[in-house]
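Asks: Provided herewith: my_file-v7.pdb, PDB, C-alpha atoms.
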```pdb
ATOM      1  CA  MET A   7      25.478  50.828 -25.881
ATOM      2  CA  LYS A   8      25.207  48.350 -22.981
ATOM      3  CA  MET A   9      23.766  49.909 -19.843
ATOM      4  CA  THR A  10      25.668  49.480 -16.595
ATOM      5  CA  VAL A  11      24.081  47.914 -13.561
ATOM      6  CA  ARG A  12      23.749  51.368 -12.022
ATOM      7  CA  LYS A  13      21.929  52.717 -15.106
ATOM      8  CA  ILE A  14      19.595  49.677 -15.119
ATOM      9  CA  ALA A  15      18.878  50.338 -11.444
ATOM     10  CA  GLU A  16      18.006  53.954 -12.237
ATOM     11  CA  ALA A  17      15.741  52.887 -15.110
ATOM     12  CA  ALA A  18      13.897  50.420 -12.883
ATOM     13  CA  GLY A  19      13.754  52.823  -9.949
ATOM     14  CA  VAL A  20      15.623  50.442  -7.626
ATOM     15  CA  SER A  21      19.002  50.270  -5.959
ATOM     16  CA  PRO A  22      22.015  48.643  -7.670
ATOM     17  CA  ALA A  23      21.872  46.035  -4.895
ATOM     18  CA  ALA A  24      18.437  44.931  -6.087
ATOM     19  CA  VAL A  25      19.737  44.540  -9.648
ATOM     20  CA  SER A  26      22.645  42.492  -8.294
ATOM     21  CA  LEU A  27      20.221  40.187  -6.487
ATOM     22  CA  VAL A  28      18.332  39.522  -9.713
ATOM     23  CA  LEU A  29      21.540  39.135 -11.729
ATOM     24  CA  ASN A  30      22.778  36.464  -9.305
ATOM     25  CA  ASP A  31      19.366  34.771  -8.977
ATOM     26  CA  LYS A  32      19.085  35.521  -5.264
ATOM     27  CA  PRO A  33      15.890  36.135  -3.256
ATOM     28  CA  GLY A  34      14.838  39.508  -1.851
ATOM     29  CA  VAL A  35      13.091  41.141  -4.849
ATOM     30  CA  ARG A  36       9.322  41.164  -5.470
ATOM     31  CA  PRO A  37       8.266  38.919  -8.415
ATOM     32  CA  GLU A  38       6.857  41.750 -10.581
ATOM     33  CA  LEU A  39       9.929  43.930  -9.979
ATOM     34  CA  ARG A  40      12.213  40.955 -10.603
ATOM     35  CA  ALA A  41      10.542  40.421 -13.997
ATOM     36  CA  GLN A  42      11.069  44.105 -14.948
ATOM     37  CA  ILE A  43      14.743  44.057 -13.924
ATOM     38  CA  THR A  44      15.283  40.732 -15.695
ATOM     39  CA  ASP A  45      13.930  42.188 -18.961
ATOM     40  CA  LEU A  46      16.280  45.173 -18.701
ATOM     41  CA  LEU A  47      19.271  42.924 -17.970
ATOM     42  CA  LEU A  48      18.540  40.630 -20.910
ATOM     43  CA  GLN A  49      17.987  43.555 -23.278
ATOM     44  CA  ASN A  50      21.434  44.805 -22.356
ATOM     45  CA  GLY A  51      23.204  41.510 -22.928
ATOM     46  CA  TYR A  52      23.431  40.279 -19.353
ATOM     47  CA  SER A  53      22.872  36.633 -18.400
ATOM     48  CA  ILE A  54      21.118  35.665 -15.196
ATOM     49  CA  ARG A  55      23.496  33.467 -13.224
ATOM     50  CA  LYS A  56      21.154  30.586 -12.416
ATOM     51  CA  LYS A  57      22.309  28.433  -9.545
ATOM     52  CA  GLU A  58      22.869  24.820 -10.403
ATOM     53  CA  GLU A  59      20.243  22.591  -8.849
ATOM     54  CA  ALA A  60      21.669  20.066  -6.446
ATOM     55  CA  ALA A  61      21.378  16.459  -7.535
ATOM     56  CA  PRO A  62      18.717  14.552  -5.570
ATOM     57  CA  LYS A  63      19.882  12.473  -2.637
ATOM     58  CA  ARG A  64      20.276   8.809  -3.506
ATOM     59  CA  ILE A  65      18.871   6.228  -1.106
ATOM     60  CA  LEU A  66      19.483   2.471  -1.236
ATOM     61  CA  TYR A  67      16.860   0.112   0.187
ATOM     62  CA  LEU A  68      18.884  -3.011   0.939
ATOM     63  CA  TYR A  69      16.859  -6.159   1.598
ATOM     64  CA  TYR A  70      19.008  -8.792   3.265
ATOM     65  CA  ARG A  71      17.846 -12.285   2.311
ATOM     66  CA  ASP A  72      18.837 -15.522   3.968
ATOM     67  CA  PRO A  73      18.976 -18.114   1.144
ATOM     68  CA  SER A  74      17.797 -20.846   3.529
ATOM     69  CA  TRP A  75      14.445 -19.076   3.736
ATOM     70  CA  THR A  76      11.843 -20.019   1.145
ATOM     71  CA  PRO A  77       9.193 -17.680  -0.294
ATOM     72  CA  TYR A  78       6.314 -19.064   1.786
ATOM     73  CA  MET A  79       8.107 -17.923   4.957
ATOM     74  CA  ARG A  80       8.075 -14.278   3.882
ATOM     75  CA  ASN A  81       4.960 -12.240   4.484
ATOM     76  CA  GLU A  82       4.107  -8.740   3.311
ATOM     77  CA  PHE A  83       6.023  -6.960   6.085
ATOM     78  CA  SER A  84       9.066  -6.182   3.919
ATOM     79  CA  THR A  85       6.846  -4.920   1.098
ATOM     80  CA  ARG A  86       5.010  -2.599   3.450
ATOM     81  CA  VAL A  87       8.283  -1.226   4.853
ATOM     82  CA  MET A  88       9.461  -0.572   1.303
ATOM     83  CA  GLU A  89       6.210   1.239   0.487
ATOM     84  CA  GLY A  90       6.857   3.558   3.408
ATOM     85  CA  VAL A  91      10.419   4.160   2.209
ATOM     86  CA  GLU A  92       9.175   4.922  -1.311
ATOM     87  CA  HIS A  93       6.531   7.340  -0.039
ATOM     88  CA  ALA A  94       9.016   9.259   2.128
ATOM     89  CA  CYS A  95      11.547   9.423  -0.715
ATOM     90  CA  ARG A  96       8.917  10.875  -3.041
ATOM     91  CA  GLN A  97       8.020  13.472  -0.423
ATOM     92  CA  LYS A  98      11.651  14.538  -0.104
ATOM     93  CA  GLN A  99      12.394  14.104  -3.827
ATOM     94  CA  TYR A 100      15.072  11.512  -3.164
ATOM     95  CA  SER A 101      15.975   8.934  -5.769
ATOM     96  CA  LEU A 102      15.563   5.353  -4.569
ATOM     97  CA  SER A 103      17.224   2.133  -5.667
ATOM     98  CA  ILE A 104      16.490  -1.352  -4.345
ATOM     99  CA  ALA A 105      18.942  -4.218  -3.959
ATOM    100  CA  ASN A 106      19.004  -7.683  -2.413
ATOM    101  CA  ALA A 107      22.010  -9.166  -0.662
ATOM    102  CA  SER A 108      22.959 -12.480   0.906
ATOM    103  CA  TYR A 109      25.748 -12.967   3.442
ATOM    104  CA  GLU A 110      28.160 -13.773   0.604
ATOM    105  CA  THR A 111      27.290 -10.670  -1.440
ATOM    106  CA  LEU A 112      26.694  -8.142   1.344
ATOM    107  CA  ASN A 113      30.221  -6.697   1.432
ATOM    108  CA  ARG A 114      30.211  -6.150  -2.330
ATOM    109  CA  VAL A 115      26.803  -4.464  -2.269
ATOM    110  CA  LEU A 116      27.878  -2.167   0.571
ATOM    111  CA  GLU A 117      31.130  -1.319  -1.245
ATOM    112  CA  ASP A 118      29.180  -0.540  -4.418
ATOM    113  CA  ALA A 119      26.958   1.795  -2.401
ATOM    114  CA  GLN A 120      30.028   3.716  -1.240
ATOM    115  CA  ASN A 121      31.636   3.814  -4.696
ATOM    116  CA  THR A 122      28.480   5.101  -6.380
ATOM    117  CA  SER A 123      28.156   7.971  -3.897
ATOM    118  CA  CYS A 124      25.009   6.630  -2.273
ATOM    119  CA  ASP A 125      23.778   9.170   0.297
ATOM    120  CA  GLY A 126      21.935   6.847   2.669
ATOM    121  CA  ILE A 127      21.055   3.179   3.220
ATOM    122  CA  VAL A 128      17.969   1.512   4.705
ATOM    123  CA  PHE A 129      18.978  -2.022   5.696
ATOM    124  CA  LEU A 130      16.078  -4.436   6.238
ATOM    125  CA  GLY A 131      17.628  -6.855   8.706
ATOM    126  CA  THR A 132      14.721  -9.222   9.421
ATOM    127  CA  GLU A 133      16.683 -12.227   8.155
ATOM    128  CA  TYR A 134      20.126 -11.099   9.326
ATOM    129  CA  LYS A 135      20.975 -13.598  12.089
ATOM    130  CA  HIS A 136      24.747 -13.024  12.237
ATOM    131  CA  ARG A 137      26.607 -11.248  15.032
ATOM    132  CA  ASP A 138      29.281  -9.369  13.051
ATOM    133  CA  TYR A 139      27.563  -6.058  13.699
ATOM    134  CA  GLN A 140      30.862  -4.177  13.649
ATOM    135  CA  ARG A 141      30.740  -4.015   9.851
ATOM    136  CA  PHE A 142      27.871  -1.530  10.221
ATOM    137  CA  GLU A 143      29.485   0.652  12.886
ATOM    138  CA  ASN A 144      30.963   3.963  11.719
ATOM    139  CA  PHE A 145      29.888   3.127   8.189
ATOM    140  CA  PRO A 146      30.929   6.000   5.876
ATOM    141  CA  VAL A 147      27.400   6.251   4.425
ATOM    142  CA  PRO A 148      24.508   7.088   6.796
ATOM    143  CA  LEU A 149      22.751   3.783   7.520
ATOM    144  CA  VAL A 150      19.669   2.713   9.468
ATOM    145  CA  VAL A 151      18.604  -0.846  10.261
ATOM    146  CA  VAL A 152      14.921  -1.835  10.224
ATOM    147  CA  ASP A 153      13.368  -4.811  12.055
ATOM    148  CA  ARG A 154      16.540  -5.890  13.792
ATOM    149  CA  VAL A 155      18.234  -4.417  16.866
ATOM    150  CA  PHE A 156      22.025  -4.733  16.803
ATOM    151  CA  SER A 157      22.614  -5.052  20.545
ATOM    152  CA  GLY A 158      25.808  -3.472  21.831
ATOM    153  CA  CYS A 159      26.464  -1.832  18.475
ATOM    154  CA  SER A 160      26.425   1.890  17.625
ATOM    155  CA  VAL A 161      23.995   1.694  14.711
ATOM    156  CA  ASN A 162      20.680   3.469  14.162
ATOM    157  CA  CYS A 163      17.930   0.859  14.516
ATOM    158  CA  PHE A 164      14.175   0.981  13.950
ATOM    159  CA  SER A 165      11.998  -1.783  15.304
ATOM    160  CA  VAL A 166       8.555  -2.639  16.610
ATOM    161  CA  ASP A 167       7.740  -2.319  20.289
ATOM    162  CA  GLY A 168       7.123  -6.012  20.835
ATOM    163  CA  GLU A 169       6.676  -5.447  24.556
ATOM    164  CA  MET A 170       3.727  -3.152  23.901
ATOM    165  CA  GLY A 171       2.256  -5.620  21.404
ATOM    166  CA  CYS A 172       2.479  -8.513  23.870
ATOM    167  CA  TYR A 173       0.961  -6.396  26.617
ATOM    168  CA  GLN A 174      -1.978  -5.400  24.398
ATOM    169  CA  ALA A 175      -2.669  -8.987  23.300
ATOM    170  CA  LEU A 176      -2.376 -10.412  26.810
ATOM    171  CA  SER A 177      -4.424  -7.608  28.395
ATOM    172  CA  HIS A 178      -7.239  -8.295  25.944
ATOM    173  CA  LEU A 179      -7.166 -12.022  26.641
ATOM    174  CA  LYS A 180      -7.033 -11.437  30.395
ATOM    175  CA  GLU A 181     -10.055  -9.128  30.188
ATOM    176  CA  LEU A 182     -11.914 -11.923  28.400
ATOM    177  CA  GLY A 183     -11.105 -14.202  31.333
ATOM    178  CA  HIS A 184      -8.112 -16.184  30.031
ATOM    179  CA  THR A 185      -5.406 -17.106  32.517
ATOM    180  CA  ASN A 186      -3.855 -20.051  30.685
ATOM    181  CA  ILE A 187      -2.205 -18.484  27.613
ATOM    182  CA  GLY A 188       0.346 -20.092  25.300
ATOM    183  CA  TYR A 189       2.853 -18.606  22.878
ATOM    184  CA  VAL A 190       3.896 -19.891  19.437
ATOM    185  CA  THR A 191       7.163 -18.792  17.867
ATOM    186  CA  SER A 192       9.933 -20.104  15.630
ATOM    187  CA  GLN A 193      12.923 -22.279  16.366
ATOM    188  CA  GLN A 194      14.874 -20.153  13.896
ATOM    189  CA  GLU A 195      15.990 -16.637  14.750
ATOM    190  CA  TYR A 196      14.641 -13.838  12.603
ATOM    191  CA  GLY A 197      13.621 -10.236  13.077
ATOM    192  CA  THR A 198      12.708  -9.388  16.641
ATOM    193  CA  HIS A 199      10.975 -12.688  17.450
ATOM    194  CA  LEU A 200      13.475 -13.692  20.125
ATOM    195  CA  ASP A 201      12.897 -10.366  21.859
ATOM    196  CA  THR A 202       9.133 -10.778  21.499
ATOM    197  CA  GLU A 203       9.253 -14.185  23.203
ATOM    198  CA  ILE A 204      11.121 -12.611  26.120
ATOM    199  CA  ASN A 205       8.600  -9.763  26.143
ATOM    200  CA  PHE A 206       5.705 -12.236  26.203
ATOM    201  CA  ILE A 207       7.046 -13.940  29.328
ATOM    202  CA  HIS A 208       7.785 -10.569  30.927
ATOM    203  CA  MET A 209       4.281  -9.265  30.210
ATOM    204  CA  LEU A 210       2.708 -12.414  31.675
ATOM    205  CA  GLU A 211       4.499 -11.583  34.894
ATOM    206  CA  LYS A 212       3.503  -7.916  34.713
ATOM    207  CA  LEU A 213      -0.161  -8.883  34.281
ATOM    208  CA  GLU A 214       0.128 -11.490  37.046
ATOM    209  CA  LEU A 215      -0.629 -14.319  34.644
ATOM    210  CA  PRO A 216       1.083 -17.711  35.077
ATOM    211  CA  PHE A 217       3.810 -18.817  32.660
ATOM    212  CA  GLN A 218       3.552 -22.483  31.739
ATOM    213  CA  LYS A 219       6.554 -23.725  29.808
ATOM    214  CA  GLU A 220       4.451 -26.575  28.428
ATOM    215  CA  HIS A 221       2.480 -24.009  26.461
ATOM    216  CA  LEU A 222       5.498 -22.414  24.802
ATOM    217  CA  TYR A 223       5.636 -23.851  21.276
ATOM    218  CA  HIS A 224       8.658 -23.506  18.953
ATOM    219  CA  LEU A 225       7.764 -24.293  15.363
ATOM    220  CA  ASP A 226      10.298 -25.356  12.759
ATOM    221  CA  TYR A 227       9.822 -22.330  10.519
ATOM    222  CA  PHE A 228      11.779 -24.011   7.724
ATOM    223  CA  GLN A 229       9.219 -26.802   7.585
ATOM    224  CA  LYS A 230       6.703 -26.029   4.880
ATOM    225  CA  ASP A 231       3.725 -27.572   6.690
ATOM    226  CA  LEU A 232       3.559 -25.466   9.859
ATOM    227  CA  GLN A 233       0.077 -26.770  10.540
ATOM    228  CA  LYS A 234       1.370 -30.363  10.726
ATOM    229  CA  ASN A 235       4.326 -29.198  12.810
ATOM    230  CA  PHE A 236       2.024 -27.585  15.371
ATOM    231  CA  LEU A 237      -0.171 -30.695  15.553
ATOM    232  CA  GLU A 238       2.946 -32.759  16.297
ATOM    233  CA  LEU A 239       3.844 -30.411  19.150
ATOM    234  CA  LEU A 240       0.314 -30.599  20.538
ATOM    235  CA  SER A 241       0.467 -34.385  20.567
ATOM    236  CA  GLN A 242       3.512 -34.198  22.839
ATOM    237  CA  ARG A 243       1.783 -32.026  25.449
ATOM    238  CA  SER A 244      -0.571 -33.182  28.161
ATOM    239  CA  SER A 245      -2.813 -30.108  28.160
ATOM    240  CA  LEU A 246      -3.900 -27.176  26.018
ATOM    241  CA  PRO A 247      -4.061 -23.463  26.843
ATOM    242  CA  THR A 248      -7.337 -21.604  26.443
ATOM    243  CA  ALA A 249      -5.680 -18.932  24.299
ATOM    244  CA  ILE A 250      -2.587 -18.625  22.114
ATOM    245  CA  VAL A 251      -0.543 -15.645  20.942
ATOM    246  CA  ALA A 252       1.686 -16.229  17.896
ATOM    247  CA  GLY A 253       4.848 -14.414  16.827
ATOM    248  CA  ASN A 254       3.421 -13.570  13.406
ATOM    249  CA  ASP A 255       0.260 -14.069  11.376
ATOM    250  CA  ILE A 256       1.657 -16.943   9.312
ATOM    251  CA  MET A 257       2.211 -19.024  12.454
ATOM    252  CA  ALA A 258      -1.097 -17.869  13.924
ATOM    253  CA  ALA A 259      -2.957 -19.018  10.801
ATOM    254  CA  ALA A 260      -1.198 -22.402  10.991
ATOM    255  CA  VAL A 261      -2.375 -22.664  14.607
ATOM    256  CA  VAL A 262      -5.987 -21.884  13.641
ATOM    257  CA  PHE A 263      -6.019 -24.485  10.849
ATOM    258  CA  ALA A 264      -4.334 -27.082  13.077
ATOM    259  CA  LEU A 265      -6.823 -26.564  15.897
ATOM    260  CA  ILE A 266      -9.746 -26.921  13.494
ATOM    261  CA  GLN A 267      -8.185 -30.089  12.064
ATOM    262  CA  LYS A 268      -7.914 -31.393  15.617
ATOM    263  CA  GLY A 269     -11.654 -30.895  16.013
ATOM    264  CA  LEU A 270     -11.464 -27.775  18.154
ATOM    265  CA  LYS A 271     -13.367 -24.559  17.551
ATOM    266  CA  VAL A 272     -11.755 -21.124  17.331
ATOM    267  CA  PRO A 273     -12.487 -19.085  19.407
ATOM    268  CA  GLU A 274     -14.998 -21.188  21.373
ATOM    269  CA  ASP A 275     -12.377 -23.711  22.539
ATOM    270  CA  ILE A 276      -9.167 -21.724  22.038
ATOM    271  CA  SER A 277      -8.669 -18.038  21.216
ATOM    272  CA  VAL A 278      -5.841 -17.026  18.852
ATOM    273  CA  VAL A 279      -4.054 -13.683  18.363
ATOM    274  CA  GLY A 280      -1.509 -13.093  15.595
ATOM    275  CA  PHE A 281       1.201 -10.481  15.169
ATOM    276  CA  ASP A 282       1.646  -8.113  12.169
ATOM    277  CA  ASP A 283      -2.020  -7.593  11.167
ATOM    278  CA  SER A 284      -1.270  -8.684   7.616
ATOM    279  CA  ASN A 285      -3.599  -9.890   4.865
ATOM    280  CA  VAL A 286      -3.154 -13.407   6.252
ATOM    281  CA  CYS A 287      -5.629 -12.410   8.970
ATOM    282  CA  HIS A 288      -8.431 -12.514   6.402
ATOM    283  CA  MET A 289      -7.553 -16.004   5.157
ATOM    284  CA  THR A 290      -8.830 -17.762   8.257
ATOM    285  CA  SER A 291     -12.424 -18.338   9.244
ATOM    286  CA  PRO A 292     -13.212 -16.510  11.394
ATOM    287  CA  ALA A 293     -10.894 -13.640  10.489
ATOM    288  CA  MET A 294      -7.984 -13.407  12.894
ATOM    289  CA  SER A 295      -7.321 -10.894  15.640
ATOM    290  CA  SER A 296      -3.768  -9.559  15.464
ATOM    291  CA  VAL A 297      -1.343  -7.012  16.875
ATOM    292  CA  HIS A 298      -1.188  -4.239  14.292
ATOM    293  CA  ILE A 299       2.214  -3.033  13.106
ATOM    294  CA  ASN A 300       2.424   0.068  10.933
ATOM    295  CA  ALA A 301       5.257  -1.256   8.766
ATOM    296  CA  GLU A 302       4.875   1.610   6.295
ATOM    297  CA  ARG A 303       5.554   4.061   9.100
ATOM    298  CA  LEU A 304       8.743   2.168   9.974
ATOM    299  CA  GLY A 305       9.915   2.822   6.414
ATOM    300  CA  GLU A 306       8.998   6.495   6.605
ATOM    301  CA  LEU A 307      10.777   6.934   9.924
ATOM    302  CA  SER A 308      13.933   5.365   8.526
ATOM    303  CA  ILE A 309      14.028   7.987   5.740
ATOM    304  CA  GLU A 310      13.328  10.789   8.209
ATOM    305  CA  ARG A 311      16.278   9.600  10.260
ATOM    306  CA  LEU A 312      18.521   9.362   7.186
ATOM    307  CA  HIS A 313      17.455  12.878   6.182
ATOM    308  CA  HIS A 314      18.572  14.165   9.579
ATOM    309  CA  LEU A 315      21.908  12.347   9.383
ATOM    310  CA  MET A 316      22.556  13.528   5.814
ATOM    311  CA  THR A 317      21.659  17.175   6.367
ATOM    312  CA  SER A 318      22.710  17.905   9.949
ATOM    313  CA  GLY A 319      26.211  16.467   9.884
ATOM    314  CA  THR A 320      25.599  14.814  13.262
ATOM    315  CA  HIS A 321      26.492  11.204  13.994
ATOM    316  CA  ASP A 322      24.383  10.506  17.073
ATOM    317  CA  ILE A 323      22.819   7.048  17.381
ATOM    318  CA  GLN A 324      19.138   6.414  18.013
ATOM    319  CA  ARG A 325      17.058   3.310  18.598
ATOM    320  CA  THR A 326      13.422   3.877  17.777
ATOM    321  CA  TYR A 327      10.603   1.522  18.749
ATOM    322  CA  LEU A 328       7.293   1.965  16.934
ATOM    323  CA  GLY A 329       4.170   1.417  19.003
ATOM    324  CA  THR A 330       1.471  -1.126  18.163
ATOM    325  CA  SER A 331      -2.305  -1.449  18.435
ATOM    326  CA  LEU A 332      -4.704  -4.379  18.550
ATOM    327  CA  SER A 333      -6.982  -5.279  15.625
ATOM    328  CA  LEU A 334      -9.820  -7.410  17.009
ATOM    329  CA  ARG A 335     -11.710  -9.800  14.758
ATOM    330  CA  GLY A 336     -13.288 -13.186  15.271
ATOM    331  CA  THR A 337     -10.639 -15.432  16.831
ATOM    332  CA  THR A 338     -10.890 -14.236  20.434
ATOM    333  CA  ALA A 339     -13.685 -14.876  22.934
ATOM    334  CA  PRO A 340     -14.070 -15.666  26.640
ATOM    335  CA  PRO A 341     -12.854 -19.148  27.602
ATOM    336  CA  ARG A 342     -15.374 -21.959  27.501
ATOM    337  CA  LYS A 343     -17.026 -22.646  30.855
ATOM    338  CA  ASP A 344     -17.276 -26.375  31.425
TER     339      ASP A 344
END
```
Could I get this file's structure written as structure tokens?
Replies:
Amino acid sequence: MKMTVRKIAEAAGVSPAAVSLVLNDKPGVRPELRAQITDLLLQNGYSIRKKEEAAPKRILYLYYRDPSWTPYMRNEFSTRVMEGVEHACRQKQYSLSIANASYETLNRVLEDAQNTSCDGIVFLGTEYKHRDYQRFENFPVPLVVVDRVFSGCSVNCFSVDGEMGCYQALSHLKELGHTNIGYVTSQQEYGTHLDTEINFIHMLEKLELPFQKEHLYHLDYFQKDLQKNFLELLSQRSSLPTAIVAGNDIMAAAVVFALIQKGLKVPEDISVVGFDDSNVCHMTSPAMSSVHINAERLGELSIERLHHLMTSGTHDIQRTYLGTSLSLRGTTAPPRKD
């Protein structure tokens, strides 16, 4: 005859409440006692009511690609961000899918994310140069943007503190004795480079260094031979700076190769500092100094933010700027004394 819960409790020397906890798979009973009660329940034809495990949260890493960009323009930044996203998703046991989108396909990809019950989206906006930010506001799926700040728009954004990076690069060059410092960036808008150019000029002022417009170089980033492009710009200028900061390592490497082709020595004649601290830094001789960006951490932070939005039910907006550091190698030295 099947024992009642009360009889099982008496046999185990516990209260009926303890048997009920085990029967409903709830905490509050010691493991050894739980095993004893479970055996008695099963022997008497009871089934333990196991709670259904919740399905893992589903995250979409959405890499926006501008089709006018060509592969040589892309460095490892996006890969490193994705590695950080993957690591954080593994830690939280989230499932992760990866998709690319152009301007023409973006609406469809975002709609698919909603229809497939996606729980959160990381949008890598480095190449997103459009101003229709309203499509991302009040999006029904929690969404964070990485490497692009949507100004005037209520969207969670994660970016690099370009102001800090410029300050670190310029402070180092100033300590070496440089006062005539140029900046190399792109004609085309991407990522936070426009902001970084503004930050560079602002930090010159903060450090009481002169800004010389002649030494602000805008490369055609869509031109494959950036080295040739920089040499053309140099030929149009009447003087050279003693040091140059570049908006990323690809442009910085082009500057180094162009200067060497011109017969100048790096860093003896001109010092060069890149931005990103990517593997490109080790392709120049000497190896290149660069502002270090922890792109993996940007990816991790984006998942931490999504986790908060998905689990707290809040809809507050944050803009997070990740700090930088300076990786010094062989392309910086005191200016030559004539």
Asks: Between CA of Phe83 in chain A and CA of Asp282 in chain A, what is the spacing in Å?
Replies: 7.6 Å
Asks: What does the structure give for the distance between CA of Cys287 in chain A and CA of Lys230 in chain A, in Å to one decimal?
Replies: 18.8 Å
Asks: Check the smallest atom-to-atom distance from each of A:Asp283, A:Glu89, A:Glu238, A:Glu38 to Gly253 in chain A using all atoms listed in the file, then report the winner.
Replies: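 Comparing A:Asp283, A:Glu89, A:Glu238, A:Glu38 against Gly253 in chain A, the winner is A:Asp283.
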Asks: Once the PyMOL selection byres ((chain A and resi 213) around 10) has been applied to the shown file, what residues remain in the selection, as a list in words?
Replies: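 On the file shown, the PyMOL selection byres ((chain A and resi 213) around 10) covers Tyr173, Leu176, Ser177, Lys180, Thr185, His208, Met209, Leu210, Glu211, Lys212, Glu214, Leu215 and Pro216 of chain A.
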Asks: Set out as JSON lines a contact list for range 223-300 of chain A and range 71-75 of chain A with a cut-off of 12 Å, giving each residue of range 223-300 of chain A that qualifies its closest atom pair and distance in Å to one decimal, counting all atoms listed in the file, ordered by chain and rising residue number.
Replies:
```
{"residue": "A:Asp226", "atom": "CA", "partner": "A:Trp75", "partner_atom": "CA", "distance": 11.7}
{"residue": "A:Tyr227", "atom": "CA", "partner": "A:Trp75", "partner_atom": "CA", "distance": 8.8}
{"residue": "A:Phe228", "atom": "CA", "partner": "A:Trp75", "partner_atom": "CA", "distance": 6.9}
{"residue": "A:Gln229", "atom": "CA", "partner": "A:Trp75", "partner_atom": "CA", "distance": 10.1}
{"residue": "A:Lys230", "atom": "CA", "partner": "A:Trp75", "partner_atom": "CA", "distance": 10.5}
```
